[in-house]
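Source file: run36.pdb; contents: PDB, C-alpha atoms.
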ATOM      1  CA  MET A   1     -33.071 -62.103   2.836  1.00  0.00           C
ATOM      2  CA  SER A   2     -31.578 -63.656  -0.318  1.00  0.00           C
ATOM      3  CA  HIS A   3     -29.252 -60.686  -0.905  1.00  0.00           C
ATOM      4  CA  ALA A   4     -27.685 -61.101   2.562  1.00  0.00           C
ATOM      5  CA  THR A   5     -27.456 -64.900   2.839  1.00  0.00           C
ATOM      6  CA  GLU A   6     -26.442 -67.922   0.786  1.00  0.00           C
ATOM      7  CA  LEU A   7     -26.505 -71.709   1.054  1.00  0.00           C
ATOM      8  CA  VAL A   8     -23.103 -73.299   1.703  1.00  0.00           C
ATOM      9  CA  ASN A   9     -23.049 -77.109   1.852  1.00  0.00           C
ATOM     10  CA  GLY A  10     -26.785 -77.041   2.491  1.00  0.00           C
ATOM     11  CA  LYS A  11     -26.502 -74.593   5.399  1.00  0.00           C
ATOM     12  CA  LEU A  12     -27.650 -70.982   5.442  1.00  0.00           C
ATOM     13  CA  ARG A  13     -24.793 -68.540   5.969  1.00  0.00           C
ATOM     14  CA  ILE A  14     -24.197 -64.806   5.857  1.00  0.00           C
ATOM     15  CA  LYS A  15     -23.066 -63.904   2.351  1.00  0.00           C
ATOM     16  CA  GLU A  16     -19.516 -62.599   2.227  1.00  0.00           C
ATOM     17  CA  LEU A  17     -18.939 -59.199   0.669  1.00  0.00           C
ATOM     18  CA  ARG A  18     -15.199 -58.727   1.022  1.00  0.00           C
ATOM     19  CA  PRO A  19     -13.645 -56.597   2.297  1.00  0.00           C
ATOM     20  CA  LEU A  20     -16.783 -55.359   4.094  1.00  0.00           C
ATOM     21  CA  VAL A  21     -18.283 -58.649   5.344  1.00  0.00           C
ATOM     22  CA  TYR A  22     -16.268 -61.837   5.867  1.00  0.00           C
ATOM     23  CA  HIS A  23     -15.978 -64.884   8.113  1.00  0.00           C
ATOM     24  CA  ILE A  24     -13.066 -65.322  10.502  1.00  0.00           C
ATOM     25  CA  PRO A  25     -10.773 -68.040   9.110  1.00  0.00           C
ATOM     26  CA  LEU A  26     -10.519 -70.940  11.557  1.00  0.00           C
ATOM     27  CA  GLU A  27      -7.749 -73.514  11.153  1.00  0.00           C
ATOM     28  CA  ASN A  28      -9.198 -76.646  12.743  1.00  0.00           C
ATOM     29  CA  LYS A  29     -12.120 -78.171  14.636  1.00  0.00           C
ATOM     30  CA  ARG A  30     -10.691 -77.075  17.987  1.00  0.00           C
ATOM     31  CA  GLU A  31     -10.636 -73.439  16.920  1.00  0.00           C
ATOM     32  CA  CYS A  32     -14.151 -73.787  15.517  1.00  0.00           C
ATOM     33  CA  ARG A  33     -15.395 -75.221  18.802  1.00  0.00           C
ATOM     34  CA  GLN A  34     -13.718 -72.497  20.870  1.00  0.00           C
ATOM     35  CA  TYR A  35     -15.118 -69.779  18.616  1.00  0.00           C
ATOM     36  CA  ASP A  36     -18.611 -71.275  18.765  1.00  0.00           C
ATOM     37  CA  ASP A  37     -18.441 -71.513  22.566  1.00  0.00           C
ATOM     38  CA  MET A  38     -17.319 -67.894  22.810  1.00  0.00           C
ATOM     39  CA  ILE A  39     -20.157 -66.616  20.621  1.00  0.00           C
ATOM     40  CA  ARG A  40     -22.800 -68.680  22.391  1.00  0.00           C
ATOM     41  CA  ARG A  41     -21.593 -67.496  25.802  1.00  0.00           C
ATOM     42  CA  PHE A  42     -21.751 -63.921  24.489  1.00  0.00           C
ATOM     43  CA  PHE A  43     -25.397 -64.289  23.463  1.00  0.00           C
ATOM     44  CA  ALA A  44     -26.308 -66.141  26.651  1.00  0.00           C
ATOM     45  CA  ASP A  45     -25.096 -63.125  28.619  1.00  0.00           C
ATOM     46  CA  TYR A  46     -26.736 -60.706  26.167  1.00  0.00           C
ATOM     47  CA  ARG A  47     -30.064 -62.508  26.565  1.00  0.00           C
ATOM     48  CA  LEU A  48     -30.098 -61.669  30.279  1.00  0.00           C
ATOM     49  CA  THR A  49     -29.959 -57.927  29.493  1.00  0.00           C
ATOM     50  CA  LEU A  50     -33.287 -58.049  27.632  1.00  0.00           C
ATOM     51  CA  PRO A  51     -36.627 -57.398  29.382  1.00  0.00           C
ATOM     52  CA  ASP A  52     -38.669 -60.554  30.009  1.00  0.00           C
ATOM     53  CA  ASP A  53     -41.080 -60.023  27.109  1.00  0.00           C
ATOM     54  CA  ARG A  54     -38.279 -59.465  24.595  1.00  0.00           C
ATOM     55  CA  ARG A  55     -36.290 -62.354  26.032  1.00  0.00           C
ATOM     56  CA  ALA A  56     -39.244 -64.636  25.288  1.00  0.00           C
ATOM     57  CA  LEU A  57     -39.265 -63.370  21.691  1.00  0.00           C
ATOM     58  CA  PHE A  58     -35.498 -63.782  21.321  1.00  0.00           C
ATOM     59  CA  ASP A  59     -35.749 -67.397  22.545  1.00  0.00           C
ATOM     60  CA  ARG A  60     -37.733 -68.279  19.436  1.00  0.00           C
ATOM     61  CA  PHE A  61     -34.639 -67.720  17.309  1.00  0.00           C
ATOM     62  CA  GLU A  62     -31.638 -69.975  16.830  1.00  0.00           C
ATOM     63  CA  LEU A  63     -28.116 -68.766  16.081  1.00  0.00           C
ATOM     64  CA  VAL A  64     -27.100 -69.753  12.548  1.00  0.00           C
ATOM     65  CA  ASP A  65     -23.973 -67.803  11.594  1.00  0.00           C
ATOM     66  CA  VAL A  66     -21.661 -64.952  12.628  1.00  0.00           C
ATOM     67  CA  ALA A  67     -19.391 -62.820  10.426  1.00  0.00           C
ATOM     68  CA  MET A  68     -17.117 -59.805  10.799  1.00  0.00           C
ATOM     69  CA  ARG A  69     -18.446 -56.502   9.478  1.00  0.00           C
ATOM     70  CA  VAL A  70     -16.280 -53.501   8.622  1.00  0.00           C
ATOM     71  CA  VAL A  71     -17.592 -50.397  10.363  1.00  0.00           C
ATOM     72  CA  GLY A  72     -18.082 -46.894   9.032  1.00  0.00           C
ATOM     73  CA  ILE A  73     -15.969 -43.816   9.624  1.00  0.00           C
ATOM     74  CA  GLY A  74     -17.601 -42.960  12.945  1.00  0.00           C
ATOM     75  CA  SER A  75     -16.640 -46.334  14.465  1.00  0.00           C
ATOM     76  CA  VAL A  76     -13.325 -46.911  12.739  1.00  0.00           C
ATOM     77  CA  GLY A  77     -10.865 -48.986  14.775  1.00  0.00           C
ATOM     78  CA  THR A  78     -13.531 -50.865  16.723  1.00  0.00           C
ATOM     79  CA  ARG A  79     -14.674 -54.466  16.366  1.00  0.00           C
ATOM     80  CA  CYS A  80     -18.016 -55.248  14.772  1.00  0.00           C
ATOM     81  CA  TYR A  81     -19.833 -58.503  14.017  1.00  0.00           C
ATOM     82  CA  GLU A  82     -23.142 -59.422  12.473  1.00  0.00           C
ATOM     83  CA  ALA A  83     -25.111 -62.485  13.523  1.00  0.00           C
ATOM     84  CA  LEU A  84     -27.869 -64.351  11.728  1.00  0.00           C
ATOM     85  CA  PHE A  85     -30.664 -66.008  13.724  1.00  0.00           C
ATOM     86  CA  MET A  86     -33.567 -67.990  12.283  1.00  0.00           C
ATOM     87  CA  ALA A  87     -37.015 -68.955  13.558  1.00  0.00           C
ATOM     88  CA  ASP A  88     -39.263 -71.506  11.842  1.00  0.00           C
ATOM     89  CA  ARG A  89     -36.583 -71.825   9.121  1.00  0.00           C
ATOM     90  CA  GLU A  90     -38.043 -68.800   7.331  1.00  0.00           C
ATOM     91  CA  SER A  91     -37.981 -65.842   9.754  1.00  0.00           C
ATOM     92  CA  PRO A  92     -34.519 -64.190   9.922  1.00  0.00           C
ATOM     93  CA  LEU A  93     -33.176 -61.890  12.610  1.00  0.00           C
ATOM     94  CA  PHE A  94     -29.925 -60.026  11.963  1.00  0.00           C
ATOM     95  CA  LEU A  95     -28.159 -58.574  14.985  1.00  0.00           C
ATOM     96  CA  GLN A  96     -25.156 -56.272  14.981  1.00  0.00           C
ATOM     97  CA  LEU A  97     -22.506 -56.487  17.702  1.00  0.00           C
ATOM     98  CA  LYS A  98     -20.618 -53.200  18.067  1.00  0.00           C
ATOM     99  CA  GLU A  99     -17.660 -52.723  20.364  1.00  0.00           C
ATOM    100  CA  ALA A 100     -18.188 -50.092  23.053  1.00  0.00           C
ATOM    101  CA  ARG A 101     -15.167 -48.333  24.492  1.00  0.00           C
ATOM    102  CA  ALA A 102     -14.773 -45.768  27.255  1.00  0.00           C
ATOM    103  CA  SER A 103     -16.443 -42.439  26.616  1.00  0.00           C
ATOM    104  CA  ALA A 104     -14.198 -39.600  25.417  1.00  0.00           C
ATOM    105  CA  LEU A 105     -15.635 -37.590  28.313  1.00  0.00           C
ATOM    106  CA  GLU A 106     -14.181 -39.890  30.970  1.00  0.00           C
ATOM    107  CA  GLY A 107     -10.956 -37.892  30.913  1.00  0.00           C
ATOM    108  CA  TYR A 108     -12.889 -34.927  32.252  1.00  0.00           C
ATOM    109  CA  LEU A 109     -15.635 -36.587  34.297  1.00  0.00           C
ATOM    110  CA  PRO A 110     -15.826 -39.416  36.854  1.00  0.00           C
ATOM    111  CA  ALA A 111     -15.483 -42.955  35.487  1.00  0.00           C
ATOM    112  CA  SER A 112     -18.598 -44.680  34.172  1.00  0.00           C
ATOM    113  CA  GLN A 113     -20.833 -46.218  36.814  1.00  0.00           C
ATOM    114  CA  PHE A 114     -21.511 -49.200  34.542  1.00  0.00           C
ATOM    115  CA  PRO A 115     -19.325 -52.342  34.567  1.00  0.00           C
ATOM    116  CA  ASN A 116     -19.787 -52.731  30.795  1.00  0.00           C
ATOM    117  CA  HIS A 117     -19.409 -49.845  28.324  1.00  0.00           C
ATOM    118  CA  GLY A 118     -22.059 -51.502  26.169  1.00  0.00           C
ATOM    119  CA  GLN A 119     -24.475 -51.110  29.064  1.00  0.00           C
ATOM    120  CA  ARG A 120     -23.556 -47.423  29.250  1.00  0.00           C
ATOM    121  CA  VAL A 121     -24.345 -46.954  25.549  1.00  0.00           C
ATOM    122  CA  VAL A 122     -27.627 -48.884  25.761  1.00  0.00           C
ATOM    123  CA  THR A 123     -28.776 -47.002  28.864  1.00  0.00           C
ATOM    124  CA  GLY A 124     -27.985 -43.698  27.171  1.00  0.00           C
ATOM    125  CA  GLN A 125     -29.936 -44.654  24.045  1.00  0.00           C
ATOM    126  CA  ARG A 126     -32.926 -45.777  26.069  1.00  0.00           C
ATOM    127  CA  MET A 127     -32.908 -42.489  27.973  1.00  0.00           C
ATOM    128  CA  LEU A 128     -32.557 -40.329  24.868  1.00  0.00           C
ATOM    129  CA  GLN A 129     -35.001 -42.106  22.565  1.00  0.00           C
ATOM    130  CA  PRO A 130     -38.768 -42.315  23.099  1.00  0.00           C
ATOM    131  CA  ALA A 131     -38.725 -45.849  21.634  1.00  0.00           C
ATOM    132  CA  SER A 132     -35.502 -47.770  21.090  1.00  0.00           C
ATOM    133  CA  ASP A 133     -34.686 -51.028  19.294  1.00  0.00           C
ATOM    134  CA  ILE A 134     -36.518 -53.902  21.018  1.00  0.00           C
ATOM    135  CA  PHE A 135     -33.368 -56.065  20.847  1.00  0.00           C
ATOM    136  CA  LEU A 136     -31.022 -53.435  22.271  1.00  0.00           C
ATOM    137  CA  GLY A 137     -28.724 -55.054  24.845  1.00  0.00           C
ATOM    138  CA  TRP A 138     -25.093 -55.620  25.800  1.00  0.00           C
ATOM    139  CA  SER A 139     -22.515 -58.311  26.524  1.00  0.00           C
ATOM    140  CA  LYS A 140     -18.768 -59.031  26.644  1.00  0.00           C
ATOM    141  CA  MET A 141     -16.357 -61.115  24.579  1.00  0.00           C
ATOM    142  CA  HIS A 142     -14.704 -62.862  27.515  1.00  0.00           C
ATOM    143  CA  HIS A 143     -11.603 -64.088  25.669  1.00  0.00           C
ATOM    144  CA  THR A 144     -10.618 -60.501  24.808  1.00  0.00           C
ATOM    145  CA  ASP A 145     -12.516 -58.685  27.593  1.00  0.00           C
ATOM    146  CA  ASN A 146     -14.027 -56.281  25.045  1.00  0.00           C
ATOM    147  CA  ASP A 147     -17.431 -54.733  25.755  1.00  0.00           C
ATOM    148  CA  PHE A 148     -20.164 -54.721  23.119  1.00  0.00           C
ATOM    149  CA  TYR A 149     -23.695 -53.505  22.639  1.00  0.00           C
ATOM    150  CA  VAL A 150     -26.177 -55.331  20.419  1.00  0.00           C
ATOM    151  CA  ARG A 151     -28.879 -53.988  18.144  1.00  0.00           C
ATOM    152  CA  GLN A 152     -30.789 -55.041  15.062  1.00  0.00           C
ATOM    153  CA  LEU A 153     -28.795 -54.818  11.846  1.00  0.00           C
ATOM    154  CA  ARG A 154     -30.961 -52.582   9.729  1.00  0.00           C
ATOM    155  CA  ASP A 155     -30.821 -48.984   8.628  1.00  0.00           C
ATOM    156  CA  MET A 156     -33.773 -47.248  10.247  1.00  0.00           C
ATOM    157  CA  LYS A 157     -32.578 -43.708   9.533  1.00  0.00           C
ATOM    158  CA  GLY A 158     -34.402 -41.395   7.169  1.00  0.00           C
ATOM    159  CA  ALA A 159     -32.681 -39.006   4.792  1.00  0.00           C
ATOM    160  CA  PHE A 160     -33.431 -35.878   2.802  1.00  0.00           C
ATOM    161  CA  ASP A 161     -32.138 -34.752  -0.566  1.00  0.00           C
ATOM    162  CA  PHE A 162     -30.495 -31.500   0.511  1.00  0.00           C
ATOM    163  CA  THR A 163     -29.825 -30.491  -3.079  1.00  0.00           C
ATOM    164  CA  THR A 164     -33.541 -29.695  -3.357  1.00  0.00           C
ATOM    165  CA  PHE A 165     -33.558 -27.456  -0.236  1.00  0.00           C
ATOM    166  CA  ASP A 166     -33.824 -23.694  -0.394  1.00  0.00           C
ATOM    167  CA  VAL A 167     -32.915 -21.377   2.499  1.00  0.00           C
ATOM    168  CA  GLU A 168     -36.336 -21.715   4.141  1.00  0.00           C
ATOM    169  CA  ASP A 169     -36.258 -25.529   3.895  1.00  0.00           C
ATOM    170  CA  LEU A 170     -32.817 -25.666   5.483  1.00  0.00           C
ATOM    171  CA  ALA A 171     -33.864 -23.329   8.305  1.00  0.00           C
ATOM    172  CA  GLU A 172     -36.972 -25.420   9.012  1.00  0.00           C
ATOM    173  CA  TYR A 173     -34.915 -28.612   8.987  1.00  0.00           C
ATOM    174  CA  ALA A 174     -32.392 -27.107  11.416  1.00  0.00           C
ATOM    175  CA  VAL A 175     -35.179 -26.106  13.814  1.00  0.00           C
ATOM    176  CA  SER A 176     -36.661 -29.638  13.662  1.00  0.00           C
ATOM    177  CA  CYS A 177     -33.268 -31.218  14.415  1.00  0.00           C
ATOM    178  CA  GLY A 178     -32.623 -28.767  17.249  1.00  0.00           C
ATOM    179  CA  THR A 179     -36.047 -29.428  18.763  1.00  0.00           C
ATOM    180  CA  ALA A 180     -35.574 -33.212  18.643  1.00  0.00           C
ATOM    181  CA  LEU A 181     -32.116 -32.898  20.219  1.00  0.00           C
ATOM    182  CA  ALA A 182     -33.375 -30.555  22.942  1.00  0.00           C
ATOM    183  CA  GLN A 183     -36.220 -32.904  23.830  1.00  0.00           C
ATOM    184  CA  SER A 184     -33.798 -35.839  24.038  1.00  0.00           C
ATOM    185  CA  MET A 185     -31.414 -33.910  26.289  1.00  0.00           C
ATOM    186  CA  ALA A 186     -34.283 -32.780  28.519  1.00  0.00           C
ATOM    187  CA  LYS A 187     -35.521 -36.385  28.763  1.00  0.00           C
ATOM    188  CA  ALA A 188     -32.096 -37.760  29.664  1.00  0.00           C
ATOM    189  CA  GLY A 189     -30.790 -34.920  31.819  1.00  0.00           C
ATOM    190  CA  ASP A 190     -32.028 -32.144  34.075  1.00  0.00           C
ATOM    191  CA  PRO A 191     -33.963 -29.678  31.854  1.00  0.00           C
ATOM    192  CA  ALA A 192     -33.791 -26.870  34.423  1.00  0.00           C
ATOM    193  CA  LEU A 193     -30.013 -27.294  34.794  1.00  0.00           C
ATOM    194  CA  ILE A 194     -29.515 -27.357  31.022  1.00  0.00           C
ATOM    195  CA  SER A 195     -31.700 -24.293  30.555  1.00  0.00           C
ATOM    196  CA  GLY A 196     -29.758 -22.421  33.209  1.00  0.00           C
ATOM    197  CA  TYR A 197     -26.454 -23.327  31.572  1.00  0.00           C
ATOM    198  CA  VAL A 198     -27.613 -22.182  28.129  1.00  0.00           C
ATOM    199  CA  GLY A 199     -29.033 -18.966  29.557  1.00  0.00           C
ATOM    200  CA  LYS A 200     -30.844 -16.246  27.637  1.00  0.00           C
ATOM    201  CA  SER A 201     -27.932 -14.766  25.694  1.00  0.00           C
ATOM    202  CA  THR A 202     -26.731 -15.921  22.273  1.00  0.00           C
ATOM    203  CA  ALA A 203     -23.378 -17.180  23.603  1.00  0.00           C
ATOM    204  CA  PHE A 204     -24.377 -20.847  23.379  1.00  0.00           C
ATOM    205  CA  ASP A 205     -25.931 -20.379  19.928  1.00  0.00           C
ATOM    206  CA  ASN A 206     -22.782 -18.682  18.665  1.00  0.00           C
ATOM    207  CA  ALA A 207     -20.566 -21.442  20.087  1.00  0.00           C
ATOM    208  CA  ILE A 208     -22.606 -24.141  18.356  1.00  0.00           C
ATOM    209  CA  GLU A 209     -22.459 -22.178  15.103  1.00  0.00           C
ATOM    210  CA  ARG A 210     -18.674 -21.858  15.293  1.00  0.00           C
ATOM    211  CA  PHE A 211     -18.314 -25.563  16.027  1.00  0.00           C
ATOM    212  CA  ALA A 212     -20.593 -26.554  13.127  1.00  0.00           C
ATOM    213  CA  LEU A 213     -18.683 -24.390  10.651  1.00  0.00           C
ATOM    214  CA  ALA A 214     -15.315 -25.675  11.884  1.00  0.00           C
ATOM    215  CA  TYR A 215     -16.576 -29.259  11.622  1.00  0.00           C
ATOM    216  CA  ALA A 216     -17.763 -28.680   8.040  1.00  0.00           C
ATOM    217  CA  GLU A 217     -14.437 -27.116   7.085  1.00  0.00           C
ATOM    218  CA  GLN A 218     -12.554 -30.055   8.602  1.00  0.00           C
ATOM    219  CA  ASN A 219     -14.685 -32.503   6.603  1.00  0.00           C
ATOM    220  CA  GLU A 220     -13.925 -30.594   3.399  1.00  0.00           C
ATOM    221  CA  ALA A 221     -10.199 -30.600   4.214  1.00  0.00           C
ATOM    222  CA  ASP A 222     -10.221 -34.338   4.969  1.00  0.00           C
ATOM    223  CA  TRP A 223     -12.076 -35.066   1.710  1.00  0.00           C
ATOM    224  CA  THR A 224      -9.583 -32.989  -0.269  1.00  0.00           C
ATOM    225  CA  ALA A 225      -6.648 -34.772   1.408  1.00  0.00           C
ATOM    226  CA  LEU A 226      -8.187 -38.182   0.662  1.00  0.00           C
ATOM    227  CA  LYS A 227      -8.718 -37.356  -3.020  1.00  0.00           C
ATOM    228  CA  SER A 228      -5.116 -36.171  -3.273  1.00  0.00           C
ATOM    229  CA  ALA A 229      -3.851 -39.369  -1.630  1.00  0.00           C
ATOM    230  CA  VAL A 230      -5.888 -41.521  -4.029  1.00  0.00           C
ATOM    231  CA  LYS A 231      -4.625 -39.552  -7.027  1.00  0.00           C
ATOM    232  CA  ALA A 232      -1.022 -39.931  -5.815  1.00  0.00           C
ATOM    233  CA  GLY A 233      -1.447 -43.686  -5.366  1.00  0.00           C
ATOM    234  CA  GLN A 234      -0.968 -43.507  -1.590  1.00  0.00           C
ATOM    235  CA  VAL A 235      -4.465 -44.858  -0.947  1.00  0.00           C
ATOM    236  CA  GLN A 236      -6.310 -47.436  -3.001  1.00  0.00           C
ATOM    237  CA  ALA A 237      -9.992 -46.732  -3.680  1.00  0.00           C
ATOM    238  CA  THR A 238     -12.626 -48.687  -5.594  1.00  0.00           C
ATOM    239  CA  ARG A 239     -16.143 -47.817  -6.646  1.00  0.00           C
ATOM    240  CA  GLU A 240     -18.902 -50.032  -5.200  1.00  0.00           C
TER     241      GLU A 240
END

Could I get this file's structure written as structure tokens?
Amino acid sequence: MSHATELVNGKLRIKELRPLVYHIPLENKRECRQYDDMIRRFFADYRLTLPDDRRALFDRFELVDVAMRVVGIGSVGTRCYEALFMADRESPLFLQLKEARASALEGYLPASQFPNHGQRVVTGQRMLQPASDIFLGWSKMHHTDNDFYVRQLRDMKGAFDFTTFDVEDLAEYAVSCGTALAQSMAKAGDPALISGYVGKSTAFDNAIERFALAYAEQNEADWTALKSAVKAGQVQATRE
């Protein structure tokens, strides 16, 4: 926990790592009080979205600090916070608050049935995953009317060193990913309907292949454009 927190005037706070992690500057006590009230109302509403057993666990923790967190490329342009909770003065809980906006599919499908887009995201994750984050929930920042979903702030994803893969390794990895995705889709949707849509021809396979190659080419083009912009001084870049 020491790498993520620090003592400031005797109080534990989230350690700033500008420009990635920073606290919102507040001008006076009134602003501090309003901000504190907003955050506490947010978590009071979030608490009600947890199942009873997890709500009892969450109640053991006390809110200590909240900071802004800059998101990655996939979430660029959306708000994100991180919150530090403590229990027994030695057990930390870090939660991440990620803004949830309308699905890109809503332009082609009926509007979401959920009143909060965070609820839509959480419900989708719970349907897709065999076991999701125990603190997965949702809430709303009422002063801005922005929807959020909440999860634990920790990287639980595994990774492989693809530079060590040969053709057989890559093929086996692709099959494993495809199987996991198919099982998730079957769990969340109608497996018979999906199977009928895919059919027995290779049309779906070929479409996915074309999309994957186009996506990879777009990533390469974006990376080349970024390097050119940095070299030309149009974009500032630093090494972490």

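For the pair atom CA of A:Phe162 and atom CA of A:Glu217, the separation is 17.9 Å.
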
Ref. answer, residues at most 10 Å from (-40.6, -55.6, 22.2) with all atoms listed in the file, as a ChimeraX atom specification: /A:50-58,131-136

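In terms of minimum interatomic distance to A:Gln125, A:Ala188 ranks closest within A:Ala188, A:Cys177, A:Ala67, A:Met86, counting all atoms listed in the file.
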
Distance criterion (all atoms listed in the file): nearest to A:Gly77 out of A:Tyr197, A:Leu63, A:Lys11, A:Arg101: A:Arg101

Counting all atoms listed in the file, the option among A:Asp190, A:Asp65, A:Glu82, A:Asp222 closest to A:Arg13: A:Asp65

Contacts of A:Lys187 at 7 Å (all atoms listed in the file; same-chain gap of 2+ positions) as a PyMOL selection string: chain A and resi 127-128+183-185+189

Pick from A:Val76, A:Cys32, A:Ile39, A:Ala4, whichever lies nearest to A:Leu153 using all atoms listed in the file: A:Ala4

Atomic separation - atom CA of A:Val64 relative to atom CA of A:Asp147, Å: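 Computed distance, atom CA of A:Asp147 to atom CA of A:Val64, equals 22.2 Å.
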
Near-A:Arg151 list (12 Å; only C-alpha atoms; drop same-chain fewer than 3 positions) as a list in words: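 Contacts, with the query itself left out: Tyr46, Leu50, Cys80, Tyr81, Glu82, Ala83, Leu93, Phe94, Leu95, Gln96, Leu97, Lys98, Glu99, Gly118, Val121, Val122, Gln125, Ser132, Asp133, Ile134, Phe135, Leu136, Gly137, Trp138, Ser139, Phe148, Arg154, Asp155 and Met156 of chain A.
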
Interatomic distance (Å, one decimal) between atom CA of A:Pro19 and atom CA of A:Gly233: 19.3 Å

With N, CA and C atoms retained, output stretch 199-219 of chain A as a compact mmCIF listing (two decimals), in the first residue's frame.
# COMPACT_ATOMS: atom_id res chain seq x y z
N GLY A 199 -24.22 -19.78 -38.50
CA GLY A 199 -24.39 -20.76 -39.57
C GLY A 199 -23.22 -21.71 -39.69
N LYS A 200 -23.22 -22.49 -40.76
CA LYS A 200 -22.19 -23.51 -40.96
C LYS A 200 -21.16 -23.14 -42.02
N SER A 201 -21.35 -22.01 -42.68
CA SER A 201 -20.38 -21.59 -43.69
C SER A 201 -19.22 -20.85 -43.00
N THR A 202 -18.28 -20.40 -43.80
CA THR A 202 -17.12 -19.66 -43.25
C THR A 202 -17.32 -18.15 -43.36
N ALA A 203 -18.52 -17.71 -43.70
CA ALA A 203 -18.75 -16.27 -43.90
C ALA A 203 -18.45 -15.47 -42.63
N PHE A 204 -18.92 -15.96 -41.48
CA PHE A 204 -18.67 -15.25 -40.23
C PHE A 204 -17.19 -15.25 -39.89
N ASP A 205 -16.54 -16.40 -40.05
CA ASP A 205 -15.10 -16.51 -39.79
C ASP A 205 -14.32 -15.52 -40.64
N ASN A 206 -14.67 -15.45 -41.92
CA ASN A 206 -13.97 -14.55 -42.84
C ASN A 206 -14.19 -13.09 -42.46
N ALA A 207 -15.41 -12.77 -42.01
CA ALA A 207 -15.70 -11.39 -41.61
C ALA A 207 -14.89 -10.98 -40.38
N ILE A 208 -14.79 -11.89 -39.41
CA ILE A 208 -13.99 -11.62 -38.22
C ILE A 208 -12.52 -11.46 -38.58
N GLU A 209 -12.04 -12.28 -39.51
CA GLU A 209 -10.64 -12.19 -39.94
C GLU A 209 -10.36 -10.85 -40.60
N ARG A 210 -11.27 -10.41 -41.47
CA ARG A 210 -11.08 -9.12 -42.14
C ARG A 210 -11.08 -7.97 -41.14
N PHE A 211 -11.99 -8.05 -40.17
CA PHE A 211 -12.05 -7.00 -39.15
C PHE A 211 -10.77 -6.96 -38.33
N ALA A 212 -10.27 -8.13 -37.92
CA ALA A 212 -9.06 -8.20 -37.10
C ALA A 212 -7.86 -7.61 -37.83
N LEU A 213 -7.73 -7.94 -39.11
CA LEU A 213 -6.61 -7.43 -39.89
C LEU A 213 -6.73 -5.91 -40.09
N ALA A 214 -7.94 -5.44 -40.35
CA ALA A 214 -8.15 -4.00 -40.52
C ALA A 214 -7.85 -3.25 -39.22
N TYR A 215 -8.24 -3.85 -38.10
CA TYR A 215 -8.00 -3.25 -36.79
C TYR A 215 -6.50 -3.15 -36.52
N ALA A 216 -5.78 -4.23 -36.84
CA ALA A 216 -4.32 -4.23 -36.63
C ALA A 216 -3.64 -3.18 -37.51
N GLU A 217 -4.09 -3.08 -38.75
CA GLU A 217 -3.51 -2.09 -39.66
C GLU A 217 -3.79 -0.67 -39.18
N GLN A 218 -4.99 -0.44 -38.63
CA GLN A 218 -5.33 0.88 -38.11
C GLN A 218 -4.46 1.23 -36.90
N ASN A 219 -4.21 0.24 -36.03
CA ASN A 219 -3.33 0.47 -34.89
C ASN A 219 -1.92 0.85 -35.35
